[in-house]
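Working notes, structure below.
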Amino acid sequence: MTDDVLFLSARQVARLLDPDTAIASQRAAFTALGTGGADLPGKIMHPSRFDDSVVFAYVSRLSADSGAVAKFGSVNPGNAAAGLPTVHAVVTVLDPVTGRLAAVLDGTTVTTLRTAAASAVAVDALAGPDAADLAVLGSGTQGLAHARAIARVRGLKSVRLWSPTPQHRIRAAESLTVELGLPVEPADSAEAAVRGASLVAACTLSAAPVVRGPWLEPGCTVVSVGSFEPTRREVDAEVVRRARDHGAVVVDDPQTAAGHAGPVVAALREGLLTPDDLVPLGAVLTGRRTARTGPEDVVYYNSVGLGIQDAAAAWAVVEAAKGERR
């Protein structure tokens, strides 16, 4: 069975899923959602009873031409202290006609690249054309990946980066300064990073808000990827309220967000939001919904991660790998 199966390591996935290919794959994923052309069963996220890890399983299918894709893995917050990615996973790809195993991919790299690429798609769709001052909260794998990806869709003028450990944020800022070709400033506090920024990327695993509404400039776009379960809330209620009243609350998928996205779950429970307030990113990309209507709107995008993102990214990798074999 394995003679014709592709086995792709982290290094191979990173080479084949270059930044622009990753961004294109995520645009395709959310466009398919927006047109109703994708299969997206509910995902499983189960907090462990033994430690602070979370096990997850996603299954999805992008199109009739691409087979089903499944991702299985876990989130281990303690890895950050050891300098390891907090997400580890494996992705399996099935043939669209026969259902036979077609590929096995390193899911950690897929997750890192597709998550940041999807945020870049969101920034491109939701932020004002002149948004160029970025605040990044988090100095781990996703924080750095988000700075790189957002720089592909906006000509950044400044980047400020904060994380709780000074040496981590200093090291990350130095690395990004070299990669992005512009000074990246390590900020002493989350507030110092966010104030004055037109783009905010929250890439933490925090259960308490690291972004607060009063800090946001008019016109700011906030992207949050760490609030992927009900107990995690990277932004406070004032961020949600400002976006609801003067902008939009955008999510990767309303039904999934209503069950998993901490700030959204809380806002729905407390009556701050109704389900109709949740704008799907795919609907914005396909022109079915509008998010930003003016330059001073505050737009909040909460992503919990969807299997369709993995399906689109995995098939982009598989097609690229097949192309090299021809």
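Labeling convention for the structure tokens: chains A, B, ... as they appear, residues from 1 per chain, ligands from 1 in order of appearance.
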
Please list as a ChimeraX atom specification every residue within 8 Å of range 115-123 of chain A, counting only C-alpha atoms and excluding residues in the same chain fewer than 6 positions away. /A:19,22-23,26-27,142,145-146,149-150,152-153,221,223,225,281,301,305,309

What parts of range 64-230 of chain A does DSSP call helix (DSSP H, G or I)? I'd like the answer as a VMD selection string. chain A and resid 77 to 82 107 to 126 141 to 153 166 to 180 190 to 194 213 to 215

Restrict the selected residues to C-alpha atoms and save them as a PDB file, in the first residue's frame.
```
ATOM      1  CA  PRO A  77       1.535  24.906  25.879  1.00  0.00           C
ATOM      2  CA  GLY A  78       4.548  23.844  27.971  1.00  0.00           C
ATOM      3  CA  ASN A  79       6.602  23.344  24.816  1.00  0.00           C
ATOM      4  CA  ALA A  80       7.100  27.091  24.452  1.00  0.00           C
ATOM      5  CA  ALA A  81       9.419  27.198  27.481  1.00  0.00           C
ATOM      6  CA  ALA A  82      11.598  24.578  25.827  1.00  0.00           C
ATOM      7  CA  GLY A 107       1.304  18.380  10.285  1.00  0.00           C
ATOM      8  CA  THR A 108       3.216  20.758  12.520  1.00  0.00           C
ATOM      9  CA  THR A 109       4.669  22.603   9.550  1.00  0.00           C
ATOM     10  CA  VAL A 110       1.365  22.520   7.679  1.00  0.00           C
ATOM     11  CA  THR A 111      -0.369  24.046  10.703  1.00  0.00           C
ATOM     12  CA  THR A 112       2.221  26.782  11.179  1.00  0.00           C
ATOM     13  CA  LEU A 113       2.252  27.858   7.551  1.00  0.00           C
ATOM     14  CA  ARG A 114      -1.469  27.625   6.835  1.00  0.00           C
ATOM     15  CA  THR A 115      -2.430  29.457  10.046  1.00  0.00           C
ATOM     16  CA  ALA A 116      -0.193  32.420   9.318  1.00  0.00           C
ATOM     17  CA  ALA A 117      -1.126  32.391   5.621  1.00  0.00           C
ATOM     18  CA  ALA A 118      -4.833  32.471   6.497  1.00  0.00           C
ATOM     19  CA  SER A 119      -4.215  35.475   8.741  1.00  0.00           C
ATOM     20  CA  ALA A 120      -2.474  37.167   5.823  1.00  0.00           C
ATOM     21  CA  VAL A 121      -5.548  36.504   3.680  1.00  0.00           C
ATOM     22  CA  ALA A 122      -7.714  37.989   6.436  1.00  0.00           C
ATOM     23  CA  VAL A 123      -5.487  41.068   6.758  1.00  0.00           C
ATOM     24  CA  ASP A 124      -5.553  41.564   2.995  1.00  0.00           C
ATOM     25  CA  ALA A 125      -9.364  41.379   2.971  1.00  0.00           C
ATOM     26  CA  LEU A 126     -10.137  43.247   6.188  1.00  0.00           C
ATOM     27  CA  THR A 141       6.489  29.871  16.138  1.00  0.00           C
ATOM     28  CA  GLN A 142       3.192  31.535  15.225  1.00  0.00           C
ATOM     29  CA  GLY A 143       4.287  35.036  16.190  1.00  0.00           C
ATOM     30  CA  LEU A 144       7.238  34.907  13.825  1.00  0.00           C
ATOM     31  CA  ALA A 145       5.230  33.168  11.094  1.00  0.00           C
ATOM     32  CA  HIS A 146       2.546  35.859  11.269  1.00  0.00           C
ATOM     33  CA  ALA A 147       5.031  38.688  10.889  1.00  0.00           C
ATOM     34  CA  ARG A 148       6.484  36.982   7.818  1.00  0.00           C
ATOM     35  CA  ALA A 149       3.106  36.222   6.255  1.00  0.00           C
ATOM     36  CA  ILE A 150       1.543  39.636   6.883  1.00  0.00           C
ATOM     37  CA  ALA A 151       4.618  41.259   5.346  1.00  0.00           C
ATOM     38  CA  ARG A 152       3.680  39.463   2.085  1.00  0.00           C
ATOM     39  CA  VAL A 153       0.358  41.340   1.819  1.00  0.00           C
ATOM     40  CA  PRO A 166      12.218  39.585  27.702  1.00  0.00           C
ATOM     41  CA  GLN A 167      14.957  37.417  26.213  1.00  0.00           C
ATOM     42  CA  HIS A 168      12.445  35.638  23.960  1.00  0.00           C
ATOM     43  CA  ARG A 169      11.005  38.843  22.528  1.00  0.00           C
ATOM     44  CA  ILE A 170      14.439  40.386  22.069  1.00  0.00           C
ATOM     45  CA  ARG A 171      15.712  37.318  20.227  1.00  0.00           C
ATOM     46  CA  ALA A 172      12.573  37.149  18.065  1.00  0.00           C
ATOM     47  CA  ALA A 173      12.791  40.856  17.218  1.00  0.00           C
ATOM     48  CA  GLU A 174      16.426  40.491  16.188  1.00  0.00           C
ATOM     49  CA  SER A 175      15.588  37.529  13.953  1.00  0.00           C
ATOM     50  CA  LEU A 176      12.665  39.309  12.281  1.00  0.00           C
ATOM     51  CA  THR A 177      14.713  42.465  11.755  1.00  0.00           C
ATOM     52  CA  VAL A 178      17.066  40.472   9.562  1.00  0.00           C
ATOM     53  CA  GLU A 179      14.301  38.557   7.771  1.00  0.00           C
ATOM     54  CA  LEU A 180      11.966  41.478   7.076  1.00  0.00           C
ATOM     55  CA  ALA A 190       1.434  44.378  25.301  1.00  0.00           C
ATOM     56  CA  GLU A 191      -0.059  47.860  25.576  1.00  0.00           C
ATOM     57  CA  ALA A 192       3.144  49.471  24.299  1.00  0.00           C
ATOM     58  CA  ALA A 193       3.081  47.146  21.302  1.00  0.00           C
ATOM     59  CA  VAL A 194      -0.604  47.663  20.464  1.00  0.00           C
ATOM     60  CA  GLY A 213     -10.178  47.561  23.510  1.00  0.00           C
ATOM     61  CA  PRO A 214      -9.120  50.993  24.830  1.00  0.00           C
ATOM     62  CA  TRP A 215      -5.641  50.466  23.351  1.00  0.00           C
TER      63      TRP A 215
END
```

How many Å lie between CA of Val59 in chain A and CA of Lys43 in chain A, rounded to one decimal? 7.1 Å

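When only C-alpha atoms are used to measure the gap to Tyr300 in chain A, the shortest distance among A:Val264, A:Ala68, A:Val87, A:Ala283 belongs to A:Val264.
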
Would you kindly return, as a PyMOL selection string, each protein, DNA or RNA residue with an atom no farther than 7 Å from any atom of range 246-250 of chain A, considering only C-alpha atoms and excluding same-chain residues fewer than 6 positions away? chain A and resi 240+277-281+291-292+297-302

I need the residues from that last selection saved to file as an mmCIF file, in the first residue's frame (with C-alpha atoms), if you can.
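Contents of part26.cif, as written:
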```cif
data_model
loop_
_atom_site.group_PDB
_atom_site.id
_atom_site.type_symbol
_atom_site.label_atom_id
_atom_site.label_comp_id
_atom_site.auth_asym_id
_atom_site.auth_seq_id
_atom_site.Cartn_x
_atom_site.Cartn_y
_atom_site.Cartn_z
ATOM 1 C CA VAL A 240 -15.494 42.689 20.649
ATOM 2 C CA ASP A 277 -23.102 39.450 14.159
ATOM 3 C CA LEU A 278 -20.518 36.844 13.125
ATOM 4 C CA VAL A 279 -19.233 37.543 9.616
ATOM 5 C CA PRO A 280 -17.579 34.562 7.868
ATOM 6 C CA LEU A 281 -14.259 35.390 6.232
ATOM 7 C CA ALA A 291 -16.684 43.872 6.986
ATOM 8 C CA ARG A 292 -14.919 47.217 6.732
ATOM 9 C CA ASP A 297 -13.795 50.819 11.573
ATOM 10 C CA VAL A 298 -12.300 48.381 14.066
ATOM 11 C CA VAL A 299 -12.325 44.849 12.642
ATOM 12 C CA TYR A 300 -11.709 41.831 14.847
ATOM 13 C CA TYR A 301 -10.921 38.471 13.236
ATOM 14 C CA ASN A 302 -10.910 35.365 15.429
#
```

Those of range 53-282 of chain A in DSSP strand (DSSP E), formatted as a PyMOL selection string: chain A and resi 54-60+69-75+87-94+101-106+133-137+158-162+184-186+199-202+221-224+247-251+278-280

Could you check the closest approach to Ala201 in chain A for each of A:Gln255, A:Ser303, A:Thr92, A:Thr286 and tell me which residue wins, using only C-alpha atoms? A:Ser303
